[in-house]
Every structure is written in structure tokens, then in C-alpha cells.
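To be precise, the following lines are input_24.cif, and they hold mmCIF, C-alpha atoms.
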data_data
#
loop_
_atom_site.label_atom_id
_atom_site.label_comp_id
_atom_site.auth_asym_id
_atom_site.auth_seq_id
_atom_site.Cartn_x
_atom_site.Cartn_y
_atom_site.Cartn_z
CA MET A 1 259.11 -31.88 -62.08
CA ASN A 2 256.66 -29.11 -62.59
CA LEU A 3 258.35 -26.38 -64.57
CA LYS A 4 255.60 -23.86 -64.04
CA ARG A 5 255.90 -24.17 -60.31
CA ASP A 6 259.67 -23.73 -60.30
CA LEU A 7 259.68 -20.69 -62.57
CA PRO A 8 257.74 -17.76 -61.11
CA THR A 9 256.18 -16.78 -64.45
CA SER A 10 253.88 -14.10 -63.09
CA THR A 11 256.75 -12.47 -61.21
CA LEU A 12 258.92 -12.61 -64.30
CA SER A 13 256.30 -11.08 -66.56
CA GLY A 14 255.60 -8.39 -63.98
CA PHE A 15 259.29 -7.59 -63.96
CA ALA A 16 259.50 -7.43 -67.73
CA LEU A 17 256.50 -5.09 -67.88
CA SER A 18 257.73 -2.74 -65.15
CA GLY A 19 261.25 -2.70 -66.57
CA LEU A 20 259.90 -1.80 -69.99
CA LEU A 21 257.76 0.99 -68.54
CA ILE A 22 260.64 2.45 -66.53
CA LEU A 23 262.95 2.29 -69.54
CA THR A 24 260.36 4.15 -71.62
CA LEU A 25 259.98 6.78 -68.94
CA LEU A 26 263.75 7.23 -68.66
CA ASN A 27 264.07 7.43 -72.41
CA ILE A 28 261.50 10.23 -72.52
CA LEU A 29 263.28 12.01 -69.67
CA LEU A 30 266.66 11.68 -71.36
CA GLN A 31 265.38 13.01 -74.66
CA ASN A 32 263.91 16.07 -72.99
CA MET A 33 266.94 16.69 -70.81
CA PRO A 34 268.17 20.29 -71.04
CA ASP A 35 271.67 20.81 -72.31
CA ASN A 36 272.99 22.62 -69.28
CA ILE A 37 271.73 20.98 -66.10
CA GLN A 38 274.82 21.47 -63.96
CA THR A 39 273.87 24.81 -62.44
CA ALA A 40 274.10 23.75 -58.78
CA GLY A 41 277.47 22.17 -59.33
CA ASN A 42 278.79 25.20 -61.18
CA GLU A 43 277.68 27.53 -58.42
CA LEU A 44 279.38 25.34 -55.84
CA LEU A 45 282.53 25.16 -57.95
CA LYS A 46 282.66 28.95 -58.08
CA LEU A 47 282.22 29.14 -54.31
CA ASN A 48 284.81 26.39 -53.87
CA ALA A 49 287.71 28.67 -54.82
CA ASN A 50 286.97 30.86 -51.78
CA GLU A 51 287.85 28.02 -49.42
CA GLY A 52 291.26 27.34 -50.92
CA VAL A 53 290.70 23.60 -51.28
CA ALA A 54 291.68 22.00 -54.57
CA ASN A 55 289.30 19.02 -54.54
CA ALA A 56 285.76 20.30 -54.97
CA VAL A 57 284.19 17.03 -53.83
CA THR A 58 285.97 17.40 -50.48
CA THR A 59 284.65 20.93 -50.10
CA VAL A 60 281.10 19.80 -50.81
CA VAL A 61 281.31 16.85 -48.41
CA VAL A 62 283.12 18.52 -45.53
CA TYR A 63 282.22 22.20 -45.78
CA PHE A 64 279.00 22.87 -47.69
CA ARG A 65 277.31 19.86 -46.19
CA GLY A 66 279.57 19.29 -43.20
CA PHE A 67 276.60 18.99 -40.87
CA ASP A 68 275.27 16.10 -42.95
CA THR A 69 278.66 14.44 -42.76
CA LEU A 70 278.45 14.69 -38.98
CA GLY A 71 275.09 12.92 -39.17
CA GLU A 72 276.55 10.37 -41.57
CA ILE A 73 279.36 9.34 -39.24
CA ALA A 74 276.74 9.22 -36.48
CA VAL A 75 274.81 6.72 -38.63
CA LEU A 76 277.99 4.70 -39.11
CA PHE A 77 278.61 4.82 -35.36
CA ILE A 78 275.08 3.59 -34.65
CA ALA A 79 275.52 0.72 -37.13
CA SER A 80 278.82 -0.23 -35.49
CA LEU A 81 277.16 -0.03 -32.07
CA GLY A 82 274.23 -2.22 -33.13
CA LEU A 83 276.53 -4.75 -34.74
CA GLY A 84 278.66 -4.92 -31.61
CA LEU A 85 275.52 -5.33 -29.52
CA MET A 86 274.18 -8.14 -31.71
CA LEU A 87 277.41 -10.06 -32.27
CA HIS A 88 279.32 -9.40 -29.09
CA SER A 89 281.20 -12.39 -27.73
CA ASN A 90 284.31 -12.79 -25.66
CA THR A 91 285.64 -15.81 -27.50
CA ARG A 92 288.40 -15.35 -29.98
CA CYS A 93 288.21 -15.61 -33.72
CA ASP A 94 287.13 -19.14 -34.64
CA ILE A 95 288.48 -19.57 -38.13
CA LYS A 96 289.04 -23.31 -38.24
CA ALA A 97 291.97 -23.54 -40.63
CA GLU A 98 295.31 -22.17 -39.57
CA SER A 99 296.60 -19.74 -42.19
CA ASN A 100 299.88 -20.77 -43.73
CA PHE A 101 303.30 -19.32 -43.18
CA MET A 102 303.38 -17.23 -46.34
CA LEU A 103 300.14 -15.43 -45.55
CA GLN A 104 301.26 -14.72 -41.99
CA THR A 105 304.63 -13.27 -43.08
CA ALA A 106 303.22 -11.34 -46.01
CA SER A 107 300.43 -9.81 -43.95
CA LYS A 108 302.97 -8.60 -41.37
CA LEU A 109 304.95 -7.00 -44.20
CA LEU A 110 301.91 -5.55 -45.94
CA PHE A 111 300.05 -4.12 -42.97
CA PRO A 112 302.35 -1.09 -42.39
CA ILE A 113 302.24 -0.28 -46.09
CA ILE A 114 298.43 -0.46 -46.17
CA LEU A 115 298.31 1.70 -43.05
CA LEU A 116 300.65 4.25 -44.64
CA PHE A 117 298.60 4.31 -47.83
CA GLY A 118 295.39 4.79 -45.86
CA ILE A 119 296.89 7.70 -43.95
CA TYR A 120 298.20 9.19 -47.20
CA VAL A 121 294.75 9.02 -48.81
CA MET A 122 293.29 10.61 -45.67
CA ILE A 123 295.78 13.49 -45.39
CA TYR A 124 295.75 14.34 -49.11
CA GLY A 125 291.96 14.21 -49.30
CA HIS A 126 291.70 17.94 -50.04
CA LEU A 127 294.23 17.80 -52.90
CA SER A 128 293.57 14.56 -54.74
CA PRO A 129 290.78 11.99 -55.11
CA GLY A 130 290.24 10.27 -51.81
CA GLY A 131 289.61 11.45 -48.31
CA GLY A 132 288.56 10.36 -44.88
CA PHE A 133 285.99 7.73 -45.82
CA GLN A 134 288.23 6.06 -48.39
CA GLY A 135 291.33 6.18 -46.18
CA GLY A 136 289.41 4.78 -43.23
CA VAL A 137 288.12 1.87 -45.29
CA ILE A 138 291.67 1.17 -46.56
CA ILE A 139 292.94 1.00 -42.97
CA ALA A 140 290.06 -1.32 -42.05
CA SER A 141 291.01 -3.59 -44.96
CA GLY A 142 294.52 -3.84 -43.49
CA VAL A 143 293.01 -4.78 -40.14
CA LEU A 144 290.89 -7.41 -41.92
CA LEU A 145 294.04 -8.88 -43.46
CA LEU A 146 295.63 -9.18 -40.03
CA LEU A 147 292.43 -10.67 -38.58
CA ILE A 148 292.19 -13.45 -41.14
CA SER A 149 295.88 -14.29 -41.08
CA HIS A 150 296.58 -14.24 -37.33
CA LYS A 151 294.20 -16.18 -35.15
CA GLU A 152 295.36 -14.48 -31.98
CA PHE A 153 295.22 -10.92 -33.34
CA GLU A 154 292.66 -8.64 -31.82
CA VAL A 155 292.05 -4.93 -32.24
CA PRO A 156 292.68 -3.37 -28.82
CA HIS A 157 289.33 -2.14 -27.59
CA SER A 158 290.67 0.71 -25.47
CA VAL A 159 292.52 2.20 -28.47
CA ILE A 160 289.33 2.11 -30.56
CA VAL A 161 287.34 3.75 -27.75
CA ALA A 162 289.98 6.49 -27.36
CA LEU A 163 290.20 7.16 -31.12
CA GLU A 164 286.44 7.26 -31.65
CA THR A 165 285.84 9.49 -28.66
CA PHE A 166 288.62 11.86 -29.74
CA ALA A 167 287.32 12.02 -33.32
CA GLY A 168 283.65 12.55 -32.45
CA VAL A 169 284.32 15.15 -29.76
CA SER A 170 286.82 17.11 -31.83
CA TYR A 171 284.46 17.22 -34.85
CA VAL A 172 281.74 18.80 -32.71
CA LEU A 173 284.24 21.08 -30.96
CA ILE A 174 285.59 22.40 -34.26
CA GLY A 175 282.01 23.04 -35.36
CA LEU A 176 281.26 24.90 -32.14
CA ILE A 177 284.42 27.01 -32.40
CA GLY A 178 283.28 27.98 -35.89
CA LEU A 179 279.90 28.90 -34.41
CA LEU A 180 281.58 31.14 -31.83
CA VAL A 181 284.05 32.80 -34.18
CA LEU A 182 282.10 33.12 -37.43
CA ASP A 183 278.45 32.63 -36.37
CA THR A 184 278.25 29.50 -38.53
CA PHE A 185 278.41 25.92 -37.38
CA LEU A 186 281.59 24.45 -38.92
CA GLY A 187 282.69 27.88 -40.11
CA ASN A 188 286.16 27.95 -41.61
CA PHE A 189 287.95 29.97 -38.93
CA LEU A 190 291.51 28.99 -39.87
CA PRO A 191 293.36 30.90 -42.64
CA HIS A 192 292.33 29.64 -46.07
CA ASP A 193 293.92 31.83 -48.69
CA ILE A 194 293.37 31.03 -52.35
CA SER A 195 297.09 31.50 -53.06
CA GLN A 196 297.83 28.45 -50.90
CA MET A 197 295.56 26.23 -53.03
CA GLY A 198 297.28 22.95 -53.87
CA MET A 199 299.63 23.01 -50.88
CA LEU A 200 299.40 20.43 -48.13
CA ILE A 201 298.58 23.02 -45.48
CA SER A 202 295.68 24.87 -47.04
CA GLY A 203 291.95 25.11 -46.76
CA GLY A 204 291.68 25.93 -43.06
CA ILE A 205 289.66 23.37 -41.11
CA ILE A 206 288.65 21.22 -44.09
CA PRO A 207 291.66 18.81 -44.14
CA ILE A 208 291.55 18.59 -40.33
CA ILE A 209 287.91 17.57 -40.40
CA TYR A 210 288.53 15.01 -43.13
CA ILE A 211 291.38 13.47 -41.10
CA ILE A 212 289.02 13.29 -38.10
CA VAL A 213 286.38 11.61 -40.27
CA GLY A 214 289.06 9.17 -41.45
CA ILE A 215 290.05 8.25 -37.89
CA LYS A 216 286.42 7.68 -36.95
CA VAL A 217 285.56 5.65 -40.06
CA GLY A 218 288.73 3.57 -39.75
CA SER A 219 288.12 2.63 -36.14
CA GLU A 220 284.42 1.94 -36.70
CA MET A 221 285.04 -0.20 -39.77
CA SER A 222 287.77 -2.12 -37.92
CA MET A 223 285.33 -2.86 -35.11
CA ILE A 224 282.61 -3.95 -37.60
CA VAL A 225 285.04 -6.30 -39.35
CA GLN A 226 286.29 -7.74 -36.09
CA ASN A 227 282.78 -8.29 -34.74
CA LEU A 228 281.75 -10.04 -37.94
CA ILE A 229 284.77 -12.37 -37.88
CA LYS A 230 284.77 -13.12 -34.15
CA ARG A 231 282.03 -15.54 -33.28
CA SER A 232 281.23 -17.79 -30.40
CA ASP A 233 281.13 -21.51 -30.99
CA ASP A 234 277.65 -22.17 -29.61
CA VAL A 235 275.72 -21.99 -32.86
CA MET B 1 286.38 2.79 -84.20
CA PHE B 2 284.76 3.45 -80.85
CA GLU B 3 284.65 7.22 -81.12
CA PHE B 4 280.89 7.20 -81.27
CA LEU B 5 280.91 6.02 -77.66
CA ASN B 6 282.17 9.43 -76.58
CA GLN B 7 278.90 11.13 -77.53
CA GLN B 8 276.88 12.18 -74.52
CA GLU B 9 273.65 10.58 -75.72
CA VAL B 10 275.32 7.21 -76.28
CA ILE B 11 277.01 7.25 -72.87
CA LYS B 12 273.84 8.26 -71.08
CA THR B 13 271.76 5.65 -72.88
CA ILE B 14 274.25 2.89 -72.09
CA VAL B 15 274.49 3.94 -68.45
CA THR B 16 270.72 4.21 -68.06
CA ILE B 17 269.93 0.85 -69.64
CA GLY B 18 272.81 -0.90 -67.89
CA SER B 19 271.98 0.39 -64.46
CA MET B 20 268.30 -0.40 -64.96
CA VAL B 21 269.23 -3.97 -65.92
CA LEU B 22 271.40 -4.21 -62.80
CA PHE B 23 268.57 -2.77 -60.70
CA PHE B 24 266.14 -5.39 -61.98
CA VAL B 25 268.68 -8.17 -61.40
CA GLY B 26 268.78 -7.02 -57.78
CA LEU B 27 265.00 -6.65 -57.54
CA PHE B 28 264.48 -10.11 -59.02
CA GLY B 29 266.86 -11.57 -56.45
CA LEU B 30 265.15 -9.65 -53.68
CA LEU B 31 261.71 -11.02 -54.58
CA THR B 32 262.54 -14.60 -55.55
CA ARG B 33 265.37 -15.74 -53.26
CA LYS B 34 264.50 -17.25 -49.91
CA HIS B 35 267.88 -17.12 -48.18
CA ILE B 36 268.08 -13.98 -46.08
CA ILE B 37 271.76 -13.21 -46.78
CA LYS B 38 271.04 -13.43 -50.51
CA ILE B 39 268.24 -10.90 -50.04
CA PHE B 40 270.66 -8.47 -48.40
CA ILE B 41 273.13 -8.97 -51.25
CA SER B 42 270.33 -8.25 -53.73
CA ILE B 43 269.64 -4.97 -51.94
CA ALA B 44 273.35 -4.14 -52.25
CA ILE B 45 273.21 -4.84 -56.00
CA MET B 46 270.23 -2.50 -56.37
CA GLU B 47 272.11 0.20 -54.48
CA SER B 48 275.16 -0.15 -56.71
CA SER B 49 272.98 0.29 -59.80
CA ILE B 50 271.74 3.60 -58.40
CA PHE B 51 275.34 4.71 -57.78
CA LEU B 52 276.24 3.86 -61.39
CA LEU B 53 273.21 5.74 -62.71
CA PHE B 54 273.99 8.93 -60.78
CA ILE B 55 277.69 8.99 -61.65
CA GLY B 56 277.09 8.03 -65.27
CA LEU B 57 274.38 10.61 -65.93
CA THR B 58 276.57 13.49 -64.72
CA PHE B 59 279.75 12.24 -66.36
CA ASN B 60 280.94 14.24 -69.33
CA THR B 61 283.94 13.16 -71.36
CA ASP B 62 284.74 16.72 -72.44
CA PHE B 63 285.07 17.87 -68.84
CA ILE B 64 287.82 17.24 -66.30
CA ALA B 65 287.70 16.09 -62.70
CA PRO B 66 286.58 18.80 -60.23
CA ILE B 67 290.06 19.39 -58.79
CA LEU B 68 291.31 22.96 -59.00
CA ASP B 69 294.85 24.27 -58.82
CA ASN B 70 296.04 27.81 -58.18
CA THR B 71 296.70 28.53 -61.85
CA HIS B 72 293.43 27.05 -63.05
CA VAL B 73 290.41 28.68 -61.51
CA ASN B 74 288.23 28.37 -64.60
CA VAL B 75 285.46 26.04 -63.50
CA SER B 76 283.37 25.96 -66.65
CA ASN B 77 284.83 22.69 -67.95
CA MET B 78 284.66 20.66 -64.76
CA ASN B 79 282.37 17.82 -63.86
CA ASP B 80 279.69 18.31 -61.26
CA PRO B 81 281.03 17.51 -57.75
CA VAL B 82 277.60 17.25 -56.12
CA PRO B 83 276.66 13.68 -57.25
CA HIS B 84 280.03 12.39 -56.08
CA ALA B 85 279.52 13.92 -52.66
CA MET B 86 275.93 12.65 -52.41
CA LEU B 87 276.93 9.15 -53.43
CA LEU B 88 279.73 9.09 -50.86
CA THR B 89 276.96 9.49 -48.29
CA ALA B 90 274.81 6.88 -49.99
CA ILE B 91 277.63 4.32 -50.09
CA VAL B 92 278.36 4.76 -46.39
CA ILE B 93 274.68 4.49 -45.43
CA GLY B 94 274.27 1.42 -47.65
CA MET B 95 277.28 -0.22 -46.02
CA ALA B 96 275.90 0.52 -42.55
CA VAL B 97 272.48 -0.93 -43.42
CA LEU B 98 274.05 -4.04 -44.96
CA ALA B 99 276.33 -4.68 -41.97
CA LEU B 100 273.51 -4.22 -39.47
CA GLY B 101 271.14 -6.45 -41.47
CA VAL B 102 273.74 -9.19 -41.78
CA SER B 103 274.38 -9.01 -38.05
CA PHE B 104 270.65 -9.46 -37.38
CA ALA B 105 270.59 -12.42 -39.76
CA ILE B 106 273.60 -14.03 -38.04
CA GLU B 107 272.05 -13.58 -34.60
CA TYR B 108 268.70 -14.97 -35.81
CA PHE B 109 270.48 -17.98 -37.27
CA LYS B 110 272.30 -18.52 -33.98
CA LEU B 111 269.03 -18.45 -32.05
CA THR B 112 266.79 -20.50 -34.34
CA GLY B 113 268.98 -22.15 -36.98
CA LYS B 114 266.85 -20.82 -39.84
CA THR B 115 267.87 -18.84 -42.92
CA ASP B 116 264.75 -19.36 -45.05
CA ILE B 117 262.39 -16.41 -44.86
CA ASN B 118 259.35 -18.64 -45.41
CA GLU B 119 260.05 -20.38 -42.12
CA MET B 120 260.48 -17.17 -40.15
CA ASN B 121 257.01 -17.21 -38.60
CA GLU B 122 257.69 -16.83 -34.89
CA MET B 123 255.67 -13.61 -34.72
CA LYS B 124 252.67 -15.17 -36.47
CA HIS B 125 251.22 -17.14 -33.60
#
Taking this structure as input, can you express it in the form of C-alpha cells?
Amino acid sequence: MNLKRDLPTSTLSGFALSGLLILTLLNILLQNMPDNIQTAGNELLKLNANEGVANAVTTVVVYFRGFDTLGEIAVLFIASLGLGLMLHSNTRCDIKAESNFMLQTASKLLFPIILLFGIYVMIYGHLSPGGGFQGGVIIASGVLLLLISHKEFEVPHSVIVALETFAGVSYVLIGLIGLLVLDTFLGNFLPHDISQMGMLISGGIIPIIYIIVGIKVGSEMSMIVQNLIKRSDDV
Amino acid sequence: MFEFLNQQEVIKTIVTIGSMVLFFVGLFGLLTRKHIIKIFISIAIMESSIFLLFIGLTFNTDFIAPILDNTHVNVSNMNDPVPHAMLLTAIVIGMAVLALGVSFAIEYFKLTGKTDINEMNEMKH
């Protein structure tokens, strides 16, 4: 056995050298870092109070860069579309082993709770940590649990199509209404008083948009998971 | 005993060195593994090191989470919300890229039965 051939010594030494150089560079940057570098964040935090939303991260994601979030869910949609195109098959899930009785019963019990928790994270995204993306992924994890425990379970395709179409169209429509009313795409045209901050109904369009994002992310992630699990037998 | 860990310099040094180590673990896997799924997982490890670096460099133990309430509108002692929002985007994009890449790998394996990148030479001749 030739040890030199198995161990890529030149690659390893190149790694060590580049890692050392980058660490040195970062060390120099860290030592010269100014004390107060959070100016952009502080400006946004001051502006955040105008929108009446408690969670500043939600305001940044949905309001200050809401157009980017629209592009982001478009990217997620394109990934889901490509994955469905590549892995589409009409055969059912081909997990060989039948899951046992305990997993089947427990997943039936757990799925409504996971769904409820996902919807809670989605709806309270403007008050607490969480939001549409996180809630959508939680719902998709519940769907994954059902998919691996029940061989015959399948996400109904028409429901996914209806939910995704509703979410995408209403996101753009809310943006266009904001453009008509306030001359800004995704302008906050609903009442958003600062005295309502911390209540469930506050912040104007921001919680509505995050719920829409959650519906879209949840349905897309469920389709991605289902397409990855469902495979045809002709490998 | 561990109070010295709360100093900003110590936290930032630990986060920087740790995420760089994680980045190079991912880069090493990316360049030396031959299985295509392992290469995608290495890319995911590199991405997670970048997430850790961004969150860790803007994290301050003296500050609180950027969640306001109607009695507390003083924002001077809150953490920066911008890296969190940016990394939410980055995580979603990374997930999309990983899922699409894995689907390509699965379809390629179905068509040719190969997972080794050294044998993927259909376009060569």
C-alpha cells in the first residue's frame, strides 16, 4: 500500500497554507475592527418602531427587503419545480420495510400537533422568534413524518397547487395594492399604530405577508420532500 | 470560571477560528471526496460555517434580541437584525441549491448507475 498515493499531501499542505493565511487576514481584520459597527442595524431598528412590529428581524425580512423575499420564494419555487421535473414518477413511495405499529399510531397523533405548532410559529412571526420560513419548514417536517410512516400517504397535488397559487398571487397583489395606495411596492397600507405593538393584530400587512410566505414555503417543502421520497423502481 | 468567555474579543476569536475550521473541513471534503452526494454535503457544511461566522461576529452578550415591546422603544442595546435577515435568505437559497443538486445526482444515478465523479465523462468524447 502506497501511503503517499492515498494521502493527497499536496492538497493537504495547500489547505494548511491557505487556512493559515486566511486566519492571519481575519485576525488583522478583527484587531482593527471599529467598536461601533452596527450603524445600519441601529438605523433600521429606529425605523422599525414606525411599522408597529415587535420583531425587528421580521420587519427587515418582510418590509424593508420584502421585494427580495418575493424573489427568494421564487427561487424556492423554481427549485421545487426543477426537483419535481427531475424526479417525477407516478409510482408510490417505495420504502421497502413496513413501519411498525407504534410509529404509525404516534405519527397520526403527532401530526396535528406539529401542524398546530407550525401555524403558531407562522402567525406569531411578528411578535416572537420565528416566522413564515420556519413555520413552513415545521409543517413540512410533519408531512415528512407521515410520508415515512404511512406507505400509502400522499400529499394531494390539487391542494398544493391551490395553496401555492393563492400564496404567490396574493403576495404580488398585496404589493400592487401598496403601489396603488402609497406609491411604494409592498407599502404598508393597513393601519399600523405603534400603540398596538406586541398585539396579535398589529403591523399592518407584515404578519399577513409572513403567513403567505409560510403557506408557500410549507407547500413547496412538502412537495420537495415527497418527490425525494417517492421513487420509481426502475433504477 | 468561564466569565472570560463573555468578552467580545474572546467570542469573536472563537467564532472566527471555529467557523474557519468548519469551512476548511467542508472544502477538504469538496476537493477530495469522489462521491457526488458527499460533495453536496461538503458544500452544505461550508455554507453552515458562513452562517455561524455571520451570526457570531454580530452577537453581543451585553445586548438583547431585537424584539421590541410598546414600553421599550430604546433600541441602543439590541443586537443587529440585519445579519439574521440576510442569513434567513442564505439558508433558504442553500437548501434550494442542495435539493436541486441532489435531484440531479439521483437522476444521473438512475440513468447511468454512476456516483463517482471521476467516471462522469460522457461529455468528454
6 Å contacts from chain B to chain A using all atoms listed in the file, as a short mmCIF file (atom, residue, chain, number, x, y, z; two decimals) with C-alpha atoms, in the frame of the given file:
data_model
loop_
_atom_site.label_atom_id
_atom_site.label_comp_id
_atom_site.auth_asym_id
_atom_site.auth_seq_id
_atom_site.Cartn_x
_atom_site.Cartn_y
_atom_site.Cartn_z
CA PRO B 66 286.58 18.80 -60.23
CA ILE B 67 290.06 19.39 -58.79
CA LEU B 68 291.31 22.96 -59.00
CA ASP B 69 294.85 24.27 -58.82
CA ASN B 70 296.04 27.81 -58.18
CA ASP B 80 279.69 18.31 -61.26
CA PRO B 81 281.03 17.51 -57.75
CA VAL B 82 277.60 17.25 -56.12
CA ALA B 85 279.52 13.92 -52.66
CA ALA B 96 275.90 0.52 -42.55
CA LEU B 100 273.51 -4.22 -39.47
CA SER B 103 274.38 -9.01 -38.05
CA LYS B 110 272.30 -18.52 -33.98
#
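For the atom pair formed by atom CA of Ile117 of chain B and atom CA of Thr9 of chain A, the distance is 20.6 Å, given to one decimal.
The coordinates place atom CA of Ile215 of chain A at 8.6 Å from atom CA of Gly135 of chain A.
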One decimal, in Å: what's the spacing between atom CA of Phe40 of chain B and atom CA of Val102 of chain B?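 Going from atom CA of Phe40 of chain B over to atom CA of Val102 of chain B covers 7.3 Å.
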Residue contacts of Phe59 of chain B (10 Å, all atoms listed in the file) excluding same-chain residues fewer than 4 positions away, as a ChimeraX atom specification: /B:8,11-12,53-55,63-65,78-80,83
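Nearest residue to Glu9 of chain B, choosing from B:Leu57, B:Ile43, B:Leu87, B:Ile93 and counting all atoms listed in the file: B:Leu57.
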Would you translate the PyMOL selection byres ((chain A and resi 186) around 12) into the concrete set of residues it matches in this file, as JSON, numbers by chain? {"A": [62, 63, 64, 65, 66, 67, 68, 69, 70, 170, 171, 172, 173, 174, 175, 176, 177, 178, 179, 180, 181, 182, 183, 184, 185, 187, 188, 189, 190, 204, 205, 206, 208, 209]}
Would you kindly translate the PyMOL selection byres ((chain B and resi 21) around 12) into the concrete residues it picks from this file, as an MDAnalysis selection string? (chainID A and resid 15:16 18:20 22:23) or (chainID B and resid 14:20 22:28 45:46 48:50 52:53)
Keeping only C-alpha atoms, take the residues you just selected and write them out as a PDB file, in the coordinates of the input.
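File written: part_0.pdb
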ATOM      1  CA  PHE A  15     259.290  -7.590 -63.960  1.00  0.00           C
ATOM      2  CA  ALA A  16     259.500  -7.430 -67.730  1.00  0.00           C
ATOM      3  CA  SER A  18     257.730  -2.740 -65.150  1.00  0.00           C
ATOM      4  CA  GLY A  19     261.250  -2.700 -66.570  1.00  0.00           C
ATOM      5  CA  LEU A  20     259.900  -1.800 -69.990  1.00  0.00           C
ATOM      6  CA  ILE A  22     260.640   2.450 -66.530  1.00  0.00           C
ATOM      7  CA  LEU A  23     262.950   2.290 -69.540  1.00  0.00           C
TER       8      LEU A  23
ATOM      9  CA  ILE B  14     274.250   2.890 -72.090  1.00  0.00           C
ATOM     10  CA  VAL B  15     274.490   3.940 -68.450  1.00  0.00           C
ATOM     11  CA  THR B  16     270.720   4.210 -68.060  1.00  0.00           C
ATOM     12  CA  ILE B  17     269.930   0.850 -69.640  1.00  0.00           C
ATOM     13  CA  GLY B  18     272.810  -0.900 -67.890  1.00  0.00           C
ATOM     14  CA  SER B  19     271.980   0.390 -64.460  1.00  0.00           C
ATOM     15  CA  MET B  20     268.300  -0.400 -64.960  1.00  0.00           C
ATOM     16  CA  LEU B  22     271.400  -4.210 -62.800  1.00  0.00           C
ATOM     17  CA  PHE B  23     268.570  -2.770 -60.700  1.00  0.00           C
ATOM     18  CA  PHE B  24     266.140  -5.390 -61.980  1.00  0.00           C
ATOM     19  CA  VAL B  25     268.680  -8.170 -61.400  1.00  0.00           C
ATOM     20  CA  GLY B  26     268.780  -7.020 -57.780  1.00  0.00           C
ATOM     21  CA  LEU B  27     265.000  -6.650 -57.540  1.00  0.00           C
ATOM     22  CA  PHE B  28     264.480 -10.110 -59.020  1.00  0.00           C
ATOM     23  CA  ILE B  45     273.210  -4.840 -56.000  1.00  0.00           C
ATOM     24  CA  MET B  46     270.230  -2.500 -56.370  1.00  0.00           C
ATOM     25  CA  SER B  48     275.160  -0.150 -56.710  1.00  0.00           C
ATOM     26  CA  SER B  49     272.980   0.290 -59.800  1.00  0.00           C
ATOM     27  CA  ILE B  50     271.740   3.600 -58.400  1.00  0.00           C
ATOM     28  CA  LEU B  52     276.240   3.860 -61.390  1.00  0.00           C
ATOM     29  CA  LEU B  53     273.210   5.740 -62.710  1.00  0.00           C
TER      30      LEU B  53
END
Tell me which protein, DNA and RNA residues are within 9 Å of Ala140 of chain A, counting only C-alpha atoms, leaving out same-chain ones fewer than 6 positions away, and put them as a ChimeraX atom specification. /A:115,118,217-223,225
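Across A:Gln226, A:Asn32, A:Thr24, A:Ala74, the tightest approach to Ile160 of chain A is made by A:Gln226 when counting all atoms listed in the file.
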A:Ile229, A:Ile119, A:Ser99, A:Gly136: which is nearest Ile106 of chain B, counting all atoms listed in the file?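 Ranking A:Ile229, A:Ile119, A:Ser99, A:Gly136 by distance to Ile106 of chain B, first place goes to A:Ile229.
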Name the residues that the PyMOL selection byres ((chain A and resi 104) around 12) picks from the file above, as a ChimeraX atom specification, using the file's chain letters and numbers. /A:98-103,105-111,145-153
Identify which of the residues B:His125, B:Val10, B:Ile41, B:Thr32 lies closest to Val97 of chain B, counting all atoms listed in the file when measuring atom-to-atom distances.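 Between B:His125, B:Val10, B:Ile41, B:Thr32, the residue approaching Val97 of chain B most closely is B:Ile41.
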Completed segment 190-204 of chain A (N, CA and C atoms) as a PDB file, in the coordinates of the input:
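That gives us out16.pdb:
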ATOM      1  N   LEU A 190     290.063  28.977 -39.656  1.00  0.00           N
ATOM      2  CA  LEU A 190     291.510  28.990 -39.870  1.00  0.00           C
ATOM      3  C   LEU A 190     291.814  29.692 -41.183  1.00  0.00           C
ATOM      4  N   PRO A 191     293.054  30.199 -41.381  1.00  0.00           N
ATOM      5  CA  PRO A 191     293.360  30.900 -42.640  1.00  0.00           C
ATOM      6  C   PRO A 191     293.237  29.973 -43.850  1.00  0.00           C
ATOM      7  N   HIS A 192     292.498  30.434 -44.846  1.00  0.00           N
ATOM      8  CA  HIS A 192     292.330  29.640 -46.070  1.00  0.00           C
ATOM      9  C   HIS A 192     292.458  30.585 -47.263  1.00  0.00           C
ATOM     10  N   ASP A 193     293.678  30.899 -47.594  1.00  0.00           N
ATOM     11  CA  ASP A 193     293.920  31.830 -48.690  1.00  0.00           C
ATOM     12  C   ASP A 193     293.950  31.069 -50.004  1.00  0.00           C
ATOM     13  N   ILE A 194     293.439  31.712 -51.049  1.00  0.00           N
ATOM     14  CA  ILE A 194     293.370  31.030 -52.350  1.00  0.00           C
ATOM     15  C   ILE A 194     294.760  30.825 -52.943  1.00  0.00           C
ATOM     16  N   SER A 195     295.742  31.661 -52.509  1.00  0.00           N
ATOM     17  CA  SER A 195     297.090  31.500 -53.060  1.00  0.00           C
ATOM     18  C   SER A 195     297.754  30.234 -52.552  1.00  0.00           C
ATOM     19  N   GLN A 196     297.253  29.679 -51.444  1.00  0.00           N
ATOM     20  CA  GLN A 196     297.830  28.450 -50.900  1.00  0.00           C
ATOM     21  C   GLN A 196     297.221  27.200 -51.533  1.00  0.00           C
ATOM     22  N   MET A 197     296.290  27.386 -52.480  1.00  0.00           N
ATOM     23  CA  MET A 197     295.560  26.230 -53.030  1.00  0.00           C
ATOM     24  C   MET A 197     296.517  25.245 -53.691  1.00  0.00           C
ATOM     25  N   GLY A 198     296.386  23.968 -53.331  1.00  0.00           N
ATOM     26  CA  GLY A 198     297.280  22.950 -53.870  1.00  0.00           C
ATOM     27  C   GLY A 198     298.392  22.576 -52.934  1.00  0.00           C
ATOM     28  N   MET A 199     298.610  23.370 -51.863  1.00  0.00           N
ATOM     29  CA  MET A 199     299.630  23.010 -50.880  1.00  0.00           C
ATOM     30  C   MET A 199     299.021  22.041 -49.867  1.00  0.00           C
ATOM     31  N   LEU A 200     299.901  21.382 -49.120  1.00  0.00           N
ATOM     32  CA  LEU A 200     299.400  20.430 -48.130  1.00  0.00           C
ATOM     33  C   LEU A 200     298.666  21.146 -47.015  1.00  0.00           C
ATOM     34  N   ILE A 201     299.251  22.267 -46.538  1.00  0.00           N
ATOM     35  CA  ILE A 201     298.580  23.020 -45.480  1.00  0.00           C
ATOM     36  C   ILE A 201     297.806  24.135 -46.161  1.00  0.00           C
ATOM     37  N   SER A 202     296.554  23.882 -46.410  1.00  0.00           N
ATOM     38  CA  SER A 202     295.680  24.870 -47.040  1.00  0.00           C
ATOM     39  C   SER A 202     294.265  24.501 -46.699  1.00  0.00           C
ATOM     40  N   GLY A 203     293.359  25.432 -46.922  1.00  0.00           N
ATOM     41  CA  GLY A 203     291.950  25.110 -46.760  1.00  0.00           C
ATOM     42  C   GLY A 203     291.425  25.206 -45.353  1.00  0.00           C
ATOM     43  N   GLY A 204     292.207  25.720 -44.401  1.00  0.00           N
ATOM     44  CA  GLY A 204     291.680  25.930 -43.060  1.00  0.00           C
ATOM     45  C   GLY A 204     291.324  24.633 -42.363  1.00  0.00           C
TER      46      GLY A 204
END
